Amino acid sequence: MPPTLRAGLILGLSVAAWTFVMGVTGWYRHPSLHRLFWLVIPLQIGLLVWALRGLAPVSGFGRQVWNGVSISVLASLIIFGASILFTTVVFPHYFQDLEALGRQMMARQGLSPEQIETAVRLQAPLQTPRASAMAGAIGTVVTGFLTSVVAAVWLRKK
């Protein structure tokens with residue numbers, strides 16, 4: 001299996017696995033633990049650097065960036081699909097749970113009921129399976145591009 005394909009599969013499946021860990025454990029519903037989901041960013045950076053380090057002896061700067069973005073695009077497809085599955089089939093009440101958590105946290109911060117309703121109403125268009133999955137896919141590609149550019153400066157054939 002080509003290294004770029006292997007790394008893309010590993011990255012996509014790793015992020016998907018972490019998403020399901022967050023769901024199965026219920027951590028996404030806990031005020032202090034729901035932020036653990038963002039560990040996917042250092043996970044992606046680490047896996048990309050690992051993959052690009054292995055490809056460095058045969059790749060210049062441009063090719064390293066291309067490899068990193070390719071890995072991230074493949075991973076984003078897996079992440080998109082896993083996110084749709086997560087929010088529509090496995091945890092169909094995910095967005096209601098997040099809304100309840102958000103309301104609880106805003107109330108603790110001292111926001112008025114009117115301010116909370118306004119915030120919930122503004123977030124509502126993004127709280128759908130497709131919007132959430134698309135945000136994850138886009139975030140994966142953007143993080144992959146930025147990571148690849150930085151990594152390619154140090155990890156390339158000399």
# chains A, B, ... in the order shown; residues from 1 in each chain; ligands from 1
call {"tool": "residues_around", "arguments": {"residues": "stretch 107-123 of chain A", "least_positions_apart": "4", "cutoff": "12 Å", "atoms": "only C-alpha atoms", "output": "ChimeraX atom specification"}}
result
/A:31,95-96,98-103,127-128,131-132
call {"tool": "residues_around", "arguments": {"residues": "A:Val40", "least_positions_apart": "3", "cutoff": "9 Å", "atoms": "only C-alpha atoms", "output": "mmCIF file with C-alpha atoms, in the first residue's frame"}}
result
data_model
loop_
_atom_site.group_PDB
_atom_site.id
_atom_site.type_symbol
_atom_site.label_atom_id
_atom_site.label_comp_id
_atom_site.auth_asym_id
_atom_site.auth_seq_id
_atom_site.Cartn_x
_atom_site.Cartn_y
_atom_site.Cartn_z
ATOM 1 C CA SER A 14 -7.807 7.399 14.227
ATOM 2 C CA VAL A 15 -9.891 10.575 14.291
ATOM 3 C CA TRP A 18 -11.448 9.117 18.929
ATOM 4 C CA THR A 19 -14.843 10.590 18.013
ATOM 5 C CA LEU A 36 -10.968 16.474 24.921
ATOM 6 C CA PHE A 37 -12.323 16.055 21.403
ATOM 7 C CA LEU A 43 -3.128 13.635 16.746
ATOM 8 C CA GLN A 44 -3.337 14.820 13.149
ATOM 9 C CA ILE A 45 -0.180 16.886 13.410
#
call {"tool": "residues_around", "arguments": {"residues": "A:Ser76", "least_positions_apart": "4", "cutoff": "12 Å", "atoms": "only C-alpha atoms", "output": "PyMOL selection string"}}
result
chain A and resi 8-16+44+69-72+80-83+133-144
call {"tool": "atom_distance", "arguments": {"atom1": "atom CA of A:Leu55", "atom2": "atom CA of A:Phe145"}}
result
15.9 Å
call {"tool": "atom_distance", "arguments": {"atom1": "atom CA of A:Thr88", "atom2": "atom CA of A:Met22"}}
result
15.5 Å
call {"tool": "residues_around", "arguments": {"residues": "A:Val149", "least_positions_apart": "5", "cutoff": "12 Å", "atoms": "only C-alpha atoms", "output": "list in words"}}
result
Ile45, Leu48, Val49, Leu52, Gly60, Phe61, Gly62, Arg63, Gln64, Val65, Trp66, Asn67, Gly68, Val69, Val142, Thr143, Gly144, Trp154, Leu155 and Arg156 of chain A
call {"tool": "write_last_selection", "arguments": {"atoms": "C-alpha atoms", "output": "mmCIF file, in the first residue's frame"}}
result
data_model
loop_
_atom_site.group_PDB
_atom_site.id
_atom_site.type_symbol
_atom_site.label_atom_id
_atom_site.label_comp_id
_atom_site.auth_asym_id
_atom_site.auth_seq_id
_atom_site.Cartn_x
_atom_site.Cartn_y
_atom_site.Cartn_z
ATOM 1 C CA ILE A 45 -0.180 16.886 13.410
ATOM 2 C CA LEU A 48 1.276 13.875 9.443
ATOM 3 C CA VAL A 49 4.782 14.599 10.685
ATOM 4 C CA LEU A 52 6.079 13.145 6.007
ATOM 5 C CA GLY A 60 11.176 18.067 -2.007
ATOM 6 C CA PHE A 61 9.198 20.900 -0.446
ATOM 7 C CA GLY A 62 6.326 20.947 -2.939
ATOM 8 C CA ARG A 63 5.954 17.189 -2.937
ATOM 9 C CA GLN A 64 5.911 17.120 0.875
ATOM 10 C CA VAL A 65 3.092 19.665 0.940
ATOM 11 C CA TRP A 66 1.248 17.679 -1.746
ATOM 12 C CA ASN A 67 1.696 14.461 0.247
ATOM 13 C CA GLY A 68 0.441 16.050 3.459
ATOM 14 C CA VAL A 69 -2.602 17.569 1.790
ATOM 15 C CA VAL A 142 -6.727 23.128 6.546
ATOM 16 C CA THR A 143 -4.764 21.670 9.465
ATOM 17 C CA GLY A 144 -3.121 19.245 7.052
ATOM 18 C CA TRP A 154 12.324 20.764 7.907
ATOM 19 C CA LEU A 155 11.455 17.370 6.469
ATOM 20 C CA ARG A 156 12.549 17.164 2.846
#
call {"tool": "decode", "arguments": {"residues": "stretch 39-83 of chain A", "atoms": "N, CA and C atoms", "output": "tab-separated table (two decimals), in the first residue's frame"}}
result
chain	number	residue	atom	x	y	z
A	39	LEU	N	-8.28	16.97	20.97
A	39	LEU	CA	-7.02	16.23	20.88
A	39	LEU	C	-6.79	15.67	19.47
A	40	VAL	N	-7.83	15.72	18.64
A	40	VAL	CA	-7.65	15.27	17.25
A	40	VAL	C	-6.65	16.15	16.51
A	41	ILE	N	-6.49	17.40	16.93
A	41	ILE	CA	-5.54	18.29	16.24
A	41	ILE	C	-4.10	17.85	16.47
A	42	PRO	N	-3.65	17.68	17.72
A	42	PRO	CA	-2.28	17.17	17.88
A	42	PRO	C	-2.11	15.76	17.32
A	43	LEU	N	-3.18	14.96	17.35
A	43	LEU	CA	-3.13	13.63	16.75
A	43	LEU	C	-2.84	13.76	15.25
A	44	GLN	N	-3.57	14.63	14.58
A	44	GLN	CA	-3.34	14.82	13.15
A	44	GLN	C	-1.94	15.35	12.87
A	45	ILE	N	-1.51	16.32	13.62
A	45	ILE	CA	-0.18	16.89	13.41
A	45	ILE	C	0.88	15.80	13.60
A	46	GLY	N	0.77	15.03	14.65
A	46	GLY	CA	1.74	13.96	14.90
A	46	GLY	C	1.77	12.92	13.80
A	47	LEU	N	0.59	12.48	13.36
A	47	LEU	CA	0.54	11.47	12.30
A	47	LEU	C	1.06	12.03	10.97
A	48	LEU	N	0.76	13.28	10.69
A	48	LEU	CA	1.28	13.88	9.44
A	48	LEU	C	2.79	14.01	9.47
A	49	VAL	N	3.33	14.47	10.58
A	49	VAL	CA	4.78	14.60	10.69
A	49	VAL	C	5.44	13.23	10.56
A	50	TRP	N	4.85	12.23	11.19
A	50	TRP	CA	5.37	10.86	11.07
A	50	TRP	C	5.39	10.42	9.61
A	51	ALA	N	4.27	10.63	8.91
A	51	ALA	CA	4.19	10.21	7.50
A	51	ALA	C	5.14	11.01	6.63
A	52	LEU	N	5.21	12.30	6.83
A	52	LEU	CA	6.08	13.15	6.01
A	52	LEU	C	7.56	12.87	6.28
A	53	ARG	N	7.88	12.51	7.51
A	53	ARG	CA	9.26	12.15	7.83
A	53	ARG	C	9.67	10.92	7.03
A	54	GLY	N	8.78	9.96	6.90
A	54	GLY	CA	9.07	8.76	6.12
A	54	GLY	C	9.19	9.05	4.63
A	55	LEU	N	8.50	10.07	4.14
A	55	LEU	CA	8.54	10.41	2.72
A	55	LEU	C	9.63	11.43	2.39
A	56	ALA	N	10.25	12.01	3.40
A	56	ALA	CA	11.24	13.08	3.20
A	56	ALA	C	12.41	12.70	2.30
A	57	PRO	N	12.98	11.50	2.40
A	57	PRO	CA	14.14	11.20	1.57
A	57	PRO	C	13.86	11.24	0.06
A	58	VAL	N	12.61	11.14	-0.33
A	58	VAL	CA	12.29	11.12	-1.76
A	58	VAL	C	11.43	12.31	-2.18
A	59	SER	N	11.26	13.30	-1.30
A	59	SER	CA	10.35	14.40	-1.61
A	59	SER	C	10.96	15.75	-1.30
A	60	GLY	N	10.80	16.68	-2.23
A	60	GLY	CA	11.18	18.07	-2.01
A	60	GLY	C	10.04	18.79	-1.32
A	61	PHE	N	10.18	20.09	-1.17
A	61	PHE	CA	9.20	20.90	-0.45
A	61	PHE	C	7.79	20.75	-1.02
A	62	GLY	N	7.64	21.00	-2.31
A	62	GLY	CA	6.33	20.95	-2.94
A	62	GLY	C	5.68	19.58	-2.83
A	63	ARG	N	6.49	18.56	-3.02
A	63	ARG	CA	5.95	17.19	-2.94
A	63	ARG	C	5.54	16.85	-1.51
A	64	GLN	N	6.28	17.36	-0.52
A	64	GLN	CA	5.91	17.12	0.87
A	64	GLN	C	4.55	17.76	1.19
A	65	VAL	N	4.37	19.00	0.71
A	65	VAL	CA	3.09	19.66	0.94
A	65	VAL	C	1.98	18.88	0.24
A	66	TRP	N	2.24	18.47	-1.00
A	66	TRP	CA	1.25	17.68	-1.75
A	66	TRP	C	0.91	16.39	-1.00
A	67	ASN	N	1.93	15.70	-0.50
A	67	ASN	CA	1.70	14.46	0.25
A	67	ASN	C	0.85	14.71	1.49
A	68	GLY	N	1.19	15.75	2.24
A	68	GLY	CA	0.44	16.05	3.46
A	68	GLY	C	-1.00	16.41	3.18
A	69	VAL	N	-1.23	17.20	2.14
A	69	VAL	CA	-2.60	17.57	1.79
A	69	VAL	C	-3.35	16.34	1.28
A	70	SER	N	-2.70	15.50	0.51
A	70	SER	CA	-3.34	14.28	0.01
A	70	SER	C	-3.75	13.36	1.17
A	71	ILE	N	-2.87	13.21	2.12
A	71	ILE	CA	-3.18	12.41	3.31
A	71	ILE	C	-4.40	13.00	4.02
A	72	SER	N	-4.41	14.31	4.17
A	72	SER	CA	-5.50	14.99	4.88
A	72	SER	C	-6.82	14.92	4.13
A	73	VAL	N	-6.77	15.01	2.81
A	73	VAL	CA	-8.01	14.91	2.02
A	73	VAL	C	-8.61	13.51	2.16
A	74	LEU	N	-7.78	12.49	2.05
A	74	LEU	CA	-8.28	11.13	2.23
A	74	LEU	C	-8.86	10.95	3.63
A	75	ALA	N	-8.13	11.43	4.63
A	75	ALA	CA	-8.63	11.32	6.01
A	75	ALA	C	-9.94	12.09	6.17
A	76	SER	N	-10.06	13.24	5.52
A	76	SER	CA	-11.28	14.05	5.66
A	76	SER	C	-12.51	13.32	5.12
A	77	LEU	N	-12.32	12.52	4.08
A	77	LEU	CA	-13.44	11.74	3.55
A	77	LEU	C	-13.94	10.72	4.58
A	78	ILE	N	-12.99	10.07	5.23
A	78	ILE	CA	-13.34	9.10	6.28
A	78	ILE	C	-13.99	9.82	7.46
A	79	ILE	N	-13.42	10.95	7.84
A	79	ILE	CA	-13.94	11.72	8.97
A	79	ILE	C	-15.35	12.22	8.69
A	80	PHE	N	-15.59	12.68	7.46
A	80	PHE	CA	-16.92	13.14	7.08
A	80	PHE	C	-17.93	12.00	7.24
A	81	GLY	N	-17.62	10.86	6.68
A	81	GLY	CA	-18.53	9.72	6.77
A	81	GLY	C	-18.75	9.26	8.20
A	82	ALA	N	-17.68	9.20	8.98
A	82	ALA	CA	-17.80	8.78	10.38
A	82	ALA	C	-18.64	9.77	11.18
A	83	SER	N	-18.47	11.05	10.89
A	83	SER	CA	-19.24	12.08	11.59
A	83	SER	C	-20.73	11.96	11.29
